[in-house]
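Dropping my_file15.cif in here (mmCIF, C-alpha atoms and all ligand atoms):
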```cif
data_start
loop_
_atom_site.group_PDB
_atom_site.id
_atom_site.type_symbol
_atom_site.label_atom_id
_atom_site.label_comp_id
_atom_site.auth_asym_id
_atom_site.auth_seq_id
_atom_site.Cartn_x
_atom_site.Cartn_y
_atom_site.Cartn_z
ATOM 1 C CA MET A 1 -25.212 -16.303 0.862
ATOM 2 C CA GLU A 2 -25.196 -15.631 4.560
ATOM 3 C CA LYS A 3 -22.829 -12.763 5.307
ATOM 4 C CA TYR A 4 -20.743 -13.060 8.430
ATOM 5 C CA LYS A 5 -21.618 -10.368 10.981
ATOM 6 C CA GLY A 6 -20.260 -9.532 14.375
ATOM 7 C CA GLU A 7 -17.252 -8.818 16.511
ATOM 8 C CA ASN A 8 -17.250 -11.887 18.752
ATOM 9 C CA ILE A 9 -14.130 -13.959 18.218
ATOM 10 C CA ILE A 10 -15.565 -17.168 19.745
ATOM 11 C CA ASP A 11 -18.475 -17.002 17.342
ATOM 12 C CA PHE A 12 -16.090 -16.232 14.489
ATOM 13 C CA MET A 13 -13.952 -19.298 15.268
ATOM 14 C CA LYS A 14 -17.085 -21.488 15.286
ATOM 15 C CA VAL A 15 -18.262 -20.276 11.885
ATOM 16 C CA PHE A 16 -14.816 -20.534 10.306
ATOM 17 C CA LYS A 17 -13.833 -23.755 12.022
ATOM 18 C CA ASP A 18 -11.438 -25.051 9.341
ATOM 19 C CA ASP A 19 -9.929 -24.260 5.943
ATOM 20 C CA GLU A 20 -12.920 -25.922 4.244
ATOM 21 C CA SER A 21 -15.474 -23.537 5.743
ATOM 22 C CA CYS A 22 -13.368 -20.580 4.598
ATOM 23 C CA LYS A 23 -13.052 -22.010 1.089
ATOM 24 C CA SER A 24 -16.796 -22.482 0.942
ATOM 25 C CA TYR A 25 -17.332 -18.851 2.047
ATOM 26 C CA LEU A 26 -15.001 -17.629 -0.713
ATOM 27 C CA ALA A 27 -16.709 -19.827 -3.314
ATOM 28 C CA LYS A 28 -20.151 -18.436 -2.427
ATOM 29 C CA LEU A 29 -18.828 -14.901 -2.732
ATOM 30 C CA LYS A 30 -16.813 -15.452 -5.887
ATOM 31 C CA TRP A 31 -19.666 -17.091 -7.806
ATOM 32 C CA SER A 32 -22.534 -15.187 -6.191
ATOM 33 C CA GLU A 33 -23.574 -14.018 -9.657
ATOM 34 C CA GLY A 34 -22.757 -17.240 -11.455
ATOM 35 C CA PHE A 35 -19.655 -18.679 -13.056
ATOM 36 C CA THR A 36 -17.653 -17.265 -15.969
ATOM 37 C CA CYS A 37 -14.665 -19.290 -17.123
ATOM 38 C CA PRO A 38 -11.519 -17.113 -16.988
ATOM 39 C CA LYS A 39 -9.937 -19.196 -19.799
ATOM 40 C CA CYS A 40 -12.680 -19.396 -22.444
ATOM 41 C CA GLY A 41 -15.414 -17.072 -21.167
ATOM 42 C CA SER A 42 -18.065 -19.784 -21.086
ATOM 43 C CA LYS A 43 -20.729 -19.356 -18.416
ATOM 44 C CA ARG A 44 -21.498 -23.041 -18.145
ATOM 45 C CA GLY A 45 -19.875 -25.181 -15.535
ATOM 46 C CA CYS A 46 -20.498 -27.023 -12.297
ATOM 47 C CA LEU A 47 -19.315 -26.840 -8.724
ATOM 48 C CA LYS A 48 -16.979 -29.717 -7.874
ATOM 49 C CA SER A 49 -15.677 -31.027 -4.589
ATOM 50 C CA GLY A 50 -13.131 -28.769 -2.878
ATOM 51 C CA HIS A 51 -15.216 -25.709 -3.790
ATOM 52 C CA CYS A 52 -13.849 -25.555 -7.335
ATOM 53 C CA TYR A 53 -15.768 -24.837 -10.532
ATOM 54 C CA GLU A 54 -15.215 -26.871 -13.671
ATOM 55 C CA CYS A 55 -15.913 -25.304 -17.052
ATOM 56 C CA TYR A 56 -18.084 -27.523 -19.326
ATOM 57 C CA GLN A 57 -16.485 -26.149 -22.456
ATOM 58 C CA CYS A 58 -12.695 -26.216 -21.844
ATOM 59 C CA HIS A 59 -12.653 -28.284 -18.624
ATOM 60 C CA HIS A 60 -10.602 -25.656 -16.805
ATOM 61 C CA VAL A 61 -10.906 -26.107 -13.055
ATOM 62 C CA GLU A 62 -11.048 -22.822 -11.141
ATOM 63 C CA SER A 63 -10.418 -22.729 -7.391
ATOM 64 C CA SER A 64 -12.221 -20.292 -5.121
ATOM 65 C CA THR A 65 -8.948 -18.512 -4.292
ATOM 66 C CA SER A 66 -7.439 -18.107 -7.762
ATOM 67 C CA GLY A 67 -7.676 -14.643 -9.280
ATOM 68 C CA THR A 68 -8.260 -13.120 -5.817
ATOM 69 C CA LEU A 69 -6.023 -11.701 -3.102
ATOM 70 C CA PHE A 70 -6.143 -15.163 -1.449
ATOM 71 C CA HIS A 71 -4.273 -16.593 -4.422
ATOM 72 C CA LYS A 72 -1.434 -18.888 -3.287
ATOM 73 C CA VAL A 73 -1.959 -18.410 0.443
ATOM 74 C CA LYS A 74 0.142 -21.325 1.664
ATOM 75 C CA PHE A 75 -0.357 -21.163 5.416
ATOM 76 C CA GLY A 76 -4.031 -22.108 5.400
ATOM 77 C CA LEU A 77 -7.171 -20.112 4.706
ATOM 78 C CA ARG A 78 -8.411 -20.235 8.259
ATOM 79 C CA LYS A 79 -5.313 -18.413 9.487
ATOM 80 C CA ALA A 80 -5.708 -15.948 6.613
ATOM 81 C CA PHE A 81 -9.327 -15.283 7.626
ATOM 82 C CA CYS A 82 -8.219 -14.792 11.243
ATOM 83 C CA ILE A 83 -5.636 -12.207 10.174
ATOM 84 C CA VAL A 84 -8.271 -10.318 8.172
ATOM 85 C CA TYR A 85 -10.534 -10.448 11.218
ATOM 86 C CA GLU A 86 -7.797 -9.041 13.495
ATOM 87 C CA MET A 87 -7.065 -6.263 11.013
ATOM 88 C CA THR A 88 -10.689 -5.212 10.622
ATOM 89 C CA ALA A 89 -12.854 -6.031 13.631
ATOM 90 C CA SER A 90 -10.325 -4.777 16.187
ATOM 91 C CA THR A 91 -9.626 -1.078 16.695
ATOM 92 C CA LYS A 92 -5.893 -1.188 16.231
ATOM 93 C CA SER A 93 -4.783 -4.425 14.573
ATOM 94 C CA LEU A 94 -1.407 -6.033 15.269
ATOM 95 C CA SER A 95 2.056 -5.829 13.767
ATOM 96 C CA SER A 96 3.268 -8.632 11.487
ATOM 97 C CA VAL A 97 5.628 -9.764 14.285
ATOM 98 C CA GLN A 98 2.750 -10.252 16.710
ATOM 99 C CA MET A 99 0.525 -11.711 13.995
ATOM 100 C CA GLY A 100 3.237 -14.232 13.072
ATOM 101 C CA LYS A 101 3.565 -15.376 16.682
ATOM 102 C CA ARG A 102 -0.177 -15.598 17.178
ATOM 103 C CA TYR A 103 -0.778 -17.802 14.128
ATOM 104 C CA GLY A 104 2.499 -19.718 14.047
ATOM 105 C CA ILE A 105 3.723 -18.332 10.739
ATOM 106 C CA ARG A 106 6.907 -16.467 9.806
ATOM 107 C CA GLN A 107 6.891 -12.707 10.280
ATOM 108 C CA ALA A 108 7.652 -12.158 6.582
ATOM 109 C CA THR A 109 4.767 -14.431 5.557
ATOM 110 C CA ALA A 110 2.421 -12.479 7.822
ATOM 111 C CA TRP A 111 3.742 -9.169 6.475
ATOM 112 C CA PHE A 112 3.210 -10.108 2.807
ATOM 113 C CA PHE A 113 -0.309 -11.311 3.455
ATOM 114 C CA MET A 114 -1.122 -8.189 5.489
ATOM 115 C CA GLN A 115 0.062 -6.037 2.582
ATOM 116 C CA LYS A 116 -2.490 -7.866 0.421
ATOM 117 C CA VAL A 117 -5.244 -7.117 2.922
ATOM 118 C CA ARG A 118 -4.148 -3.455 2.915
ATOM 119 C CA GLU A 119 -4.387 -3.469 -0.877
ATOM 120 C CA ALA A 120 -8.085 -4.291 -0.490
ATOM 121 C CA MET A 121 -8.430 -1.451 2.023
ATOM 122 C CA LYS A 122 -7.459 1.203 -0.508
ATOM 123 C CA SER A 123 -10.160 3.831 -1.003
ATOM 124 C CA SER A 124 -12.450 3.366 -4.008
ATOM 125 C CA GLN A 125 -12.504 7.186 -4.339
ATOM 126 C CA LYS A 126 -16.238 6.938 -5.024
ATOM 127 C CA TYR A 127 -17.433 8.826 -1.964
ATOM 128 C CA PRO A 128 -15.606 12.153 -1.639
ATOM 129 C CA LEU A 129 -15.846 14.087 1.613
ATOM 130 C CA LYS A 130 -18.453 16.774 1.176
ATOM 131 C CA GLU A 131 -19.237 18.553 4.428
ATOM 132 C CA LEU A 132 -16.938 20.371 6.850
ATOM 133 C CA ILE A 133 -13.369 19.286 6.185
ATOM 134 C CA HIS A 134 -10.171 20.146 8.036
ATOM 135 C CA VAL A 135 -6.938 19.634 6.095
ATOM 136 C CA ASP A 136 -3.378 19.725 7.416
ATOM 137 C CA GLU A 137 0.086 18.309 6.780
ATOM 138 C CA PHE A 138 2.186 16.260 9.195
ATOM 139 C CA VAL A 139 5.224 13.979 9.339
ATOM 140 C CA VAL A 140 5.726 10.461 10.697
ATOM 141 C CA GLY A 141 8.783 8.339 11.412
ATOM 142 C CA GLY A 142 12.363 9.376 11.933
ATOM 143 C CA GLN A 143 13.113 11.242 15.139
ATOM 144 C CA GLU A 144 10.020 12.092 17.083
ATOM 145 C CA GLU A 145 9.333 15.770 16.654
ATOM 146 C CA GLY A 146 8.178 18.003 19.432
ATOM 147 C CA LYS A 147 6.561 20.649 17.306
ATOM 148 C CA GLN A 148 3.608 20.932 14.960
ATOM 149 C CA GLY A 149 3.686 21.949 11.360
ATOM 150 C CA ARG A 150 5.781 21.278 8.317
ATOM 151 C CA SER A 151 9.065 19.489 8.824
ATOM 152 C CA TYR A 152 11.764 19.101 6.205
ATOM 153 C CA ASP A 153 13.606 16.117 7.712
ATOM 154 C CA THR A 154 14.213 13.703 4.804
ATOM 155 C CA LYS A 155 14.026 10.569 6.972
ATOM 156 C CA LYS A 156 10.445 11.306 7.855
ATOM 157 C CA SER A 157 7.419 10.547 5.699
ATOM 158 C CA LYS A 158 5.413 13.614 4.842
ATOM 159 C CA ALA A 159 1.677 13.325 4.630
ATOM 160 C CA ILE A 160 -1.508 15.302 4.203
ATOM 161 C CA ILE A 161 -4.745 14.499 6.007
ATOM 162 C CA ALA A 162 -8.374 15.455 5.406
ATOM 163 C CA VAL A 163 -10.840 14.943 8.239
ATOM 164 C CA GLU A 164 -14.593 15.303 7.726
ATOM 165 C CA LEU A 165 -16.270 16.584 10.881
ATOM 166 C CA SER A 166 -19.828 16.465 12.152
ATOM 167 C CA GLU A 167 -21.473 19.616 13.518
ATOM 168 C CA LYS A 168 -20.278 18.596 16.963
ATOM 169 C CA GLU A 169 -16.691 18.305 15.670
ATOM 170 C CA LYS A 170 -16.758 14.500 15.792
ATOM 171 C CA VAL A 171 -14.742 12.592 13.198
ATOM 172 C CA LYS A 172 -16.883 11.251 10.370
ATOM 173 C CA ARG A 173 -14.334 10.133 7.788
ATOM 174 C CA VAL A 174 -10.607 10.495 7.185
ATOM 175 C CA TYR A 175 -8.250 10.242 4.207
ATOM 176 C CA ILE A 176 -4.469 10.433 4.386
ATOM 177 C CA GLN A 177 -1.976 10.626 1.560
ATOM 178 C CA ALA A 178 1.801 10.325 1.592
ATOM 179 C CA ILE A 179 3.378 13.286 -0.215
ATOM 180 C CA GLU A 180 6.805 14.012 -1.630
ATOM 181 C CA ASP A 181 6.846 17.641 -0.479
ATOM 182 C CA TYR A 182 4.402 20.391 0.539
ATOM 183 C CA SER A 183 4.023 21.970 -2.884
ATOM 184 C CA ALA A 184 0.611 22.702 -4.377
ATOM 185 C CA LYS A 185 1.298 19.990 -6.970
ATOM 186 C CA SER A 186 1.858 17.355 -4.282
ATOM 187 C CA ILE A 187 -1.132 18.253 -2.132
ATOM 188 C CA THR A 188 -3.617 18.541 -5.006
ATOM 189 C CA PRO A 189 -4.278 14.766 -5.499
ATOM 190 C CA LEU A 190 -5.775 14.443 -1.994
ATOM 191 C CA PHE A 191 -8.302 17.117 -2.943
ATOM 192 C CA GLU A 192 -9.047 15.634 -6.356
ATOM 193 C CA GLN A 193 -9.420 12.083 -5.107
ATOM 194 C CA HIS A 194 -11.160 12.589 -1.786
ATOM 195 C CA ILE A 195 -12.800 16.004 -1.447
ATOM 196 C CA SER A 196 -15.914 17.287 -3.223
ATOM 197 C CA THR A 197 -15.765 20.793 -4.693
ATOM 198 C CA GLU A 198 -18.936 21.513 -2.654
ATOM 199 C CA ALA A 199 -17.210 20.909 0.691
ATOM 200 C CA ASN A 200 -16.269 23.667 3.131
ATOM 201 C CA ILE A 201 -12.584 23.275 3.805
ATOM 202 C CA LEU A 202 -10.409 24.750 6.525
ATOM 203 C CA THR A 203 -6.610 24.764 6.182
ATOM 204 C CA ASP A 204 -3.773 26.594 7.890
ATOM 205 C CA LYS A 205 -2.118 29.585 6.237
ATOM 206 C CA TRP A 206 0.273 27.549 4.080
ATOM 207 C CA LYS A 207 0.656 29.103 0.617
ATOM 208 C CA GLY A 208 0.559 25.680 -1.050
ATOM 209 C CA TYR A 209 -3.237 25.737 -0.711
ATOM 210 C CA LEU A 210 -3.661 29.020 -2.576
ATOM 211 C CA PRO A 211 -3.931 27.589 -6.135
ATOM 212 C CA LEU A 212 -6.676 25.244 -4.900
ATOM 213 C CA THR A 213 -8.866 28.118 -3.726
ATOM 214 C CA LYS A 214 -9.968 28.617 -7.340
ATOM 215 C CA ARG A 215 -11.798 25.297 -7.378
ATOM 216 C CA TYR A 216 -12.541 24.619 -3.719
ATOM 217 C CA HIS A 217 -14.224 26.552 -0.896
ATOM 218 C CA ILE A 218 -11.143 26.990 1.265
ATOM 219 C CA GLU A 219 -10.866 29.138 4.342
ATOM 220 C CA GLN A 220 -7.350 29.633 5.712
ATOM 221 C CA LYS A 221 -6.813 30.140 9.400
ATOM 222 C CA ALA A 222 -3.661 30.233 11.535
ATOM 223 C CA SER A 223 -3.068 26.845 13.133
ATOM 224 C CA LYS A 224 -2.128 28.353 16.531
ATOM 225 C CA GLY A 225 -0.039 25.329 17.453
ATOM 226 C CA GLY A 226 -2.825 23.008 16.377
ATOM 227 C CA LYS A 227 -5.536 24.700 18.514
ATOM 228 C CA ASN A 228 -7.690 25.426 15.478
ATOM 229 C CA PHE A 229 -7.395 21.840 14.273
ATOM 230 C CA LYS A 230 -7.924 20.019 17.532
ATOM 231 C CA THR A 231 -9.862 16.974 16.312
ATOM 232 C CA LEU A 232 -7.554 16.550 13.345
ATOM 233 C CA HIS A 233 -4.546 16.469 15.645
ATOM 234 C CA ILE A 234 -6.181 13.831 17.824
ATOM 235 C CA VAL A 235 -6.541 11.633 14.723
ATOM 236 C CA VAL A 236 -2.904 12.247 13.740
ATOM 237 C CA HIS A 237 -1.870 11.359 17.285
ATOM 238 C CA GLN A 238 -3.842 8.081 17.111
ATOM 239 C CA LEU A 239 -2.190 7.248 13.811
ATOM 240 C CA LYS A 240 1.290 7.910 15.195
ATOM 241 C CA SER A 241 0.751 5.892 18.332
ATOM 242 C CA TRP A 242 -0.531 2.973 16.232
ATOM 243 C CA LEU A 243 2.509 3.211 13.932
ATOM 244 C CA ARG A 244 4.782 3.196 16.976
ATOM 245 C CA THR A 245 3.441 -0.242 17.968
ATOM 246 C CA ILE A 246 5.017 -1.614 14.788
ATOM 247 C CA PRO A 247 8.462 -2.798 15.949
ATOM 248 C CA VAL A 248 10.148 -2.588 12.565
ATOM 249 C CA ALA A 249 9.984 1.021 11.379
ATOM 250 C CA VAL A 250 7.610 1.344 8.435
ATOM 251 C CA ASP A 251 9.528 1.896 5.217
ATOM 252 C CA LYS A 252 8.708 5.183 3.520
ATOM 253 C CA LYS A 253 7.764 3.388 0.314
ATOM 254 C CA HIS A 254 5.113 1.322 2.107
ATOM 255 C CA ILE A 255 3.698 4.018 4.376
ATOM 256 C CA GLN A 256 0.665 4.688 2.158
ATOM 257 C CA LYS A 257 -0.560 1.135 2.790
ATOM 258 C CA TYR A 258 -0.581 1.810 6.545
ATOM 259 C CA PHE A 259 -2.461 5.066 6.010
ATOM 260 C CA ASP A 260 -5.026 3.168 3.934
ATOM 261 C CA GLU A 261 -5.487 0.569 6.674
ATOM 262 C CA PHE A 262 -5.859 3.222 9.365
ATOM 263 C CA CYS A 263 -8.452 5.222 7.383
ATOM 264 C CA TYR A 264 -10.337 2.081 6.334
ATOM 265 C CA ARG A 265 -10.986 1.184 9.974
ATOM 266 C CA ILE A 266 -11.926 4.723 11.041
ATOM 267 C CA ASN A 267 -14.270 5.180 8.094
ATOM 268 C CA ARG A 268 -16.116 1.994 8.994
ATOM 269 C CA SER A 269 -16.197 2.373 12.746
ATOM 270 C CA GLN A 270 -19.974 2.871 12.529
ATOM 271 C CA SER A 271 -20.438 -0.419 10.670
ATOM 272 C CA LYS A 272 -18.008 -2.689 12.506
ATOM 273 C CA GLU A 273 -20.393 -5.675 12.276
ATOM 274 C CA ASN A 274 -20.003 -5.871 8.525
ATOM 275 C CA ILE A 275 -16.394 -4.828 8.149
ATOM 276 C CA PHE A 276 -15.013 -8.383 8.004
ATOM 277 C CA HIS A 277 -17.410 -9.508 5.281
ATOM 278 C CA LYS A 278 -16.863 -6.320 3.275
ATOM 279 C CA THR A 279 -13.106 -6.807 3.385
ATOM 280 C CA ILE A 280 -13.312 -10.439 2.269
ATOM 281 C CA GLU A 281 -15.608 -9.300 -0.553
ATOM 282 C CA ARG A 282 -13.068 -6.670 -1.651
ATOM 283 C CA MET A 283 -10.285 -9.270 -1.516
ATOM 284 C CA VAL A 284 -12.278 -11.657 -3.697
ATOM 285 C CA ASN A 285 -13.019 -8.939 -6.244
ATOM 286 C CA ALA A 286 -9.441 -7.609 -6.359
ATOM 287 C CA GLN A 287 -6.713 -8.836 -8.673
ATOM 288 C CA PRO A 288 -4.097 -11.132 -7.115
ATOM 289 C CA LEU A 289 -0.947 -9.436 -5.901
ATOM 290 C CA PHE A 290 2.398 -11.205 -6.120
ATOM 291 C CA HIS A 291 5.337 -10.756 -3.776
ATOM 292 C CA PHE A 292 7.504 -9.025 -6.353
ATOM 293 C CA GLN A 293 4.707 -6.493 -6.956
ATOM 294 C CA ILE A 294 4.400 -5.813 -3.244
ATOM 295 C CA ILE A 295 8.126 -5.122 -2.992
ATOM 296 C CA GLN A 296 8.115 -2.959 -6.116
ATOM 297 C CA LYS A 297 5.084 -0.915 -5.133
ATOM 298 C CA ILE A 298 6.707 2.417 -4.570
ATOM 299 C CA LYS A 299 4.112 5.109 -4.754
ATOM 300 C CA VAL A 300 5.679 7.908 -2.769
HETATM 301 ZN ZN ZN B 401 -13.573 -22.652 -20.052
#
```
Can you present the structure in this file as structure tokens?
Amino acid sequence: MEKYKGENIIDFMKVFKDDESCKSYLAKLKWSEGFTCPKCGSKRGCLKSGHCYECYQCHHVESSTSGTLFHKVKFGLRKAFCIVYEMTASTKSLSSVQMGKRYGIRQATAWFFMQKVREAMKSSQKYPLKELIHVDEFVVGGQEEGKQGRSYDTKKSKAIIAVELSEKEKVKRVYIQAIEDYSAKSITPLFEQHISTEANILTDKWKGYLPLTKRYHIEQKASKGGKNFKTLHIVVHQLKSWLRTIPVAVDKKHIQKYFDEFCYRINRSQSKENIFHKTIERMVNAQPLFHFQIIQKIKV
């Protein structure tokens, strides 16, 4: 299939001119390696009108959206594709309020769909950071704080961030995790899921990192009000200013999804041309997510 490339919105609107063209794109992706019937497992079937596949054996008719994160999108696939495009090809994306206005759908409808897109943006954990990594903790939400470092305000979401830097201290990749507290137990998953044991890691002098020094190359250095973690703090600042553009404060239980979206865009800023296609591909390969699951998803 021809993968959509580019960041030009006029071109994008021409390619995806109606719901049909989006359905066709999904069908090509979904059955790129042939058809397997989800009901009986048969591999024999044929493509019908409306971009559906009919199984020869049990006559089940499978749509291109079923079993994917586009399952039961009721406001039209073209609008759904546009929202994915806004969330990936742009640098900052929009809030669900703005997205709702732009595409003529309810804010809640936009929000639920955007949570599905964020689900597809979750890290695969297959490519751990392996070079020079700076790690630090920070808080978001609640009253805006004027100081760096660990805060114990319960209204705020606590988080830990790992930034991989190039030799020139440029950001290469970023991972952020919401944490319950600053204990070694809470900060360990970020290391296990996103950092290679071969990496050279710099943290501040927080004692929570000490148990990790057995397995990881960790150097501890005083933060000096953030001076020793300059690039990292620029990233945290970008994250916070993006979160502030969201009019309804982000609920603590959903904050991880916003971190995932933020990191997903940063980590693909060198391959912006392909980011839309890659996201659609992830959404087709993911399991559908229902509204009750989105509401229940409390990970923090
Ligand atoms: Zn079948």
Query raised in the report: Using all atoms listed in the file, which of the listed residues (A:Ser32, A:Ser24, A:Thr203, A:Ser42) sits closest to ligand ZN 401 (chain B)?
Result: A:Ser42
Requested in this report: May I have the residues at most 10 Å from (-8.7, 3.6, -3.1) in the file's coordinates, counting only C-alpha atoms, as JSON, numbers by chain?
Outcome: {"A": [119, 120, 121, 122, 123, 124, 125, 126, 175, 193, 194, 260, 264]}
Query - A:Phe259, A:Phe12, A:Phe75, A:Phe229 ranked by distance to Ile133 of chain A, top pick (using only C-alpha atoms) - result: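 The shortest atom-to-atom distance to Ile133 of chain A comes from A:Phe229.
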Requested in this report: Mind giving me the straight-line distance from atom CA of Asn285 of chain A to atom CA of Tyr25 of chain A in Å, one decimal?
Outcome: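 Taking atom CA of Asn285 of chain A and atom CA of Tyr25 of chain A, their separation equals 13.6 Å.
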Report task. Check every protein, DNA and RNA residue against ligand ZN 401 (chain B), keep those with an atom at most 12 Å away (counting only C-alpha atoms and all ligand atoms), and present them as a PyMOL selection string. Result -> chain A and resi 35-46+53-62
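Across A:Ser269, A:Thr91, A:Ser96, A:Gln177, the tightest approach to Gln238 of chain A is made by A:Thr91 when counting all atoms listed in the file.
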Query - Spatial neighbours of segment 209-220 of chain A, max dist 7 Å, only C-alpha atoms, sep filter under 5 positions, as a list in words - result: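 Everything that qualifies: Ala184, Thr197, Ala199, Asn200, Ile201, Leu202, Thr203 and Asp204 of chain A.
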Report summary line: Of A:Ile9, A:Leu26, A:Ile295, A:Ala89, the one nearest to Ala108 of chain A when counting all atoms listed in the file is A:Ile295
Query raised in the report: If you apply the PyMOL selection byres (((chain A and resi 157-169) around 6) and not hetatm) to this file, what residues do you get, as a VMD selection string?
Result: chain A and resid 132 to 140 156 170 to 179 252
Requested in this report: Go ahead and compute the interatomic distance for atom CA of Trp206 of chain A and atom CA of His237 of chain A, in Å to one decimal.
Outcome: 21.0 Å
